[in-house]
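**Q** Quick one: structure below, then a few questions.
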Amino acid sequence: MNDQPAFRALIVQHEAPTPPGLVSDWLAQRSARVDVLRIDLEDRLPDPRGYDLIVSLGSEFPAFDDSVPFVGRETKLIQQAAAGDVPVLGLCFGGQLMARVLGGRSFRAERSEIGWLPVRTRDPELVAEGPWFQWHFDSFTLPPGAQLIAETDIGPQAYVIGRSLGLQFHPEVTPEIMDAWVGAYRHELDAEGVDPDALLEETRQRAATARANAQRLLNGYLENVARISMRPVTT
């Protein structure tokens with residue numbers, strides 16, 4: 001019998017088409033207790049100190065747009081998490097917002113990044129070169145005290161601050177998520193001249209490798225940055 005306390009994670013989801021995907025699978029393998037906060041639909045603000053990890057997912061909205069109702073509430077959540085030394089894993093929008101909340105700046109990038117793209121990494125054991133999936137129009141500057149882990153010509157791709165990790169890319173993406181994104185945001189692909197069928201096909205071809213890369217990144221983050229001991233992966 002395993003009497004180790006259950007690992008508790010809070011996933012902050014911003015829209016229906018942006019679920020946790022491979023992150024959810026990874027937490028399930030680790031026997032985590034997971035709560036999902038649909039912050040676009042719910043007004044509640046959980047106490048982050050009740051969790052071992054906060055995961056902030058992507059969003060179609062900019063992290064610098066304070067007119068978006070949930071941006072202010074999530075800002076408070078990240079502030080409280082930082083004050084309580086609760087690790088945050090920010091994915092795309094989540095990484096941008098965390099950078100902004102902790103003293104950096106989020107802004108519209110010079111150009112978008114959409115597709116499976118490599119990154120220049122300073123710590124390949126934590127963040128591999130990839131390619132990782134990107135779909136974003138915004139960028140950010142590092143908050144004070146953050147360590148740059150990976151970047152592209154557009155801007156930062158990964159940074160560590162304390163026990164938290166902010167990413168510009170999407171390690172959570174699956175073929176099913178990509179299907180939903182193409183359906184919901186096809187207009188963005190059309191505007192950028194991206195072939196949706198080719199994107200879907202490449203995602204299917206890379207699915208197994210992407211899953212392995214995501215597992216490696218998430219395990220490395222948990223063990224070496226967040227420094228959290230969890231139950232071993234179930235089989």
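Ligands are numbered from 1 in the order shown, residues from 1 within each chain, and chains are lettered A, B, ... in the order they appear in the structure tokens.
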How close does each residue of region 158-228 of chain A get to region 73-95 of chain A, giving the shortest atom pair and distance in Å to one decimal for every residue with an atom at most 7 Å away, counting only C-alpha atoms, sorted by chain and residue number, as CSV?

**A**
residue,atom,partner,partner_atom,distance
A:Arg163,CA,A:Pro87,CA,5.1
A:Ser164,CA,A:Val88,CA,4.7
A:Leu165,CA,A:Leu89,CA,5.0
A:Gly166,CA,A:Gly95,CA,4.1
A:Leu167,CA,A:Leu91,CA,5.0
A:Gln168,CA,A:Cys92,CA,4.2
A:Phe169,CA,A:Cys92,CA,5.4
A:His170,CA,A:Leu91,CA,6.1
A:Ala226,CA,A:Pro87,CA,5.9

**Q** Emit the selected residues as a PDB file, in the first residue's frame, including N, CA and C atoms.

**A**
ATOM      1  N   ARG A 163      11.133  27.801  -9.114  1.00  0.00           N
ATOM      2  CA  ARG A 163      10.712  26.422  -9.381  1.00  0.00           C
ATOM      3  C   ARG A 163       9.721  26.347 -10.541  1.00  0.00           C
ATOM      4  N   SER A 164       9.597  27.421 -11.285  1.00  0.00           N
ATOM      5  CA  SER A 164       8.623  27.496 -12.371  1.00  0.00           C
ATOM      6  C   SER A 164       9.311  27.478 -13.729  1.00  0.00           C
ATOM      7  N   LEU A 165       8.556  27.028 -14.731  1.00  0.00           N
ATOM      8  CA  LEU A 165       9.051  26.942 -16.103  1.00  0.00           C
ATOM      9  C   LEU A 165       8.022  27.554 -17.043  1.00  0.00           C
ATOM     10  N   GLY A 166       8.456  28.517 -17.826  1.00  0.00           N
ATOM     11  CA  GLY A 166       7.592  29.113 -18.846  1.00  0.00           C
ATOM     12  C   GLY A 166       8.045  28.688 -20.225  1.00  0.00           C
ATOM     13  N   LEU A 167       7.107  28.271 -21.053  1.00  0.00           N
ATOM     14  CA  LEU A 167       7.391  27.826 -22.410  1.00  0.00           C
ATOM     15  C   LEU A 167       6.591  28.659 -23.404  1.00  0.00           C
ATOM     16  N   GLN A 168       7.169  28.894 -24.570  1.00  0.00           N
ATOM     17  CA  GLN A 168       6.442  29.561 -25.649  1.00  0.00           C
ATOM     18  C   GLN A 168       5.745  28.544 -26.548  1.00  0.00           C
ATOM     19  N   PHE A 169       6.218  27.315 -26.543  1.00  0.00           N
ATOM     20  CA  PHE A 169       5.663  26.285 -27.427  1.00  0.00           C
ATOM     21  C   PHE A 169       4.651  25.412 -26.683  1.00  0.00           C
ATOM     22  N   HIS A 170       4.141  24.397 -27.389  1.00  0.00           N
ATOM     23  CA  HIS A 170       3.042  23.572 -26.883  1.00  0.00           C
ATOM     24  C   HIS A 170       3.448  22.107 -26.776  1.00  0.00           C
ATOM     25  N   ALA A 226      11.188  21.994 -10.525  1.00  0.00           N
ATOM     26  CA  ALA A 226      10.193  22.053  -9.461  1.00  0.00           C
ATOM     27  C   ALA A 226      10.645  21.279  -8.229  1.00  0.00           C
TER      28      ALA A 226
END

**Q** If you count only C-alpha atoms, which residues fall within 12 Å of Leu27 (chain A), apart from same-chain ones fewer than 5 positions away, as a count of residues only?

**A** 28

**Q** With distances taken over only C-alpha atoms, which of A:Val71, A:Val160, A:Ala63, A:Ile114 is nearest to Val182 (chain A)?

**A** A:Ile114

**Q** What are the DSSP strand (DSSP E or B) residues of region 12-231 of chain A, as a PyMOL selection string?

**A** chain A and resi 12-13+33-38+53-56+88-91+106-117+120-121+132-140+147-151+156-161+164-167

**Q** Which residues are near region 122-125 of chain A? Cut-off 9 Å, only C-alpha atoms, ignore same chain within fewer than 3 positions. Put them as JSON, numbers by chain.

**A** {"A": [128, 129, 148, 149, 150, 151, 216, 217, 220]}

**Q** Could the residues in this selection be written to a file with C-alpha atoms, as an mmCIF file, in the first residue's frame?

**A**
data_model
loop_
_atom_site.group_PDB
_atom_site.id
_atom_site.type_symbol
_atom_site.label_atom_id
_atom_site.label_comp_id
_atom_site.auth_asym_id
_atom_site.auth_seq_id
_atom_site.Cartn_x
_atom_site.Cartn_y
_atom_site.Cartn_z
ATOM 1 C CA ALA A 128 15.425 19.478 -26.293
ATOM 2 C CA GLU A 129 15.908 21.153 -29.660
ATOM 3 C CA LEU A 148 16.821 31.744 -20.458
ATOM 4 C CA ILE A 149 16.734 28.081 -21.504
ATOM 5 C CA ALA A 150 15.740 28.226 -25.188
ATOM 6 C CA GLU A 151 14.977 30.779 -27.893
ATOM 7 C CA ARG A 216 11.072 13.866 -21.117
ATOM 8 C CA LEU A 217 10.536 17.601 -20.710
ATOM 9 C CA GLY A 220 12.916 16.781 -16.234
#

**Q** Taking only C-alpha atoms into account, name the residue in A:Tyr159, A:Trp181, A:Trp26, A:Tyr51 that is nearest to Met98 (chain A).

**A** A:Tyr159

**Q** Counting only C-alpha atoms, figure out which residue out of A:Gly103, A:Gly162, A:Gly193, A:Gly183 gets nearest to Arg227 (chain A).

**A**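 With only C-alpha atoms as the atom set, the closest residue is A:Gly162.
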
**Q** As an exercise, work out the distance from CA of Ser106 (chain A) to CA of Gly130 (chain A) in Å and give it to one decimal place.

**A**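 Value for the CA of Ser106 (chain A)-CA of Gly130 (chain A) distance: 23.8 Å.
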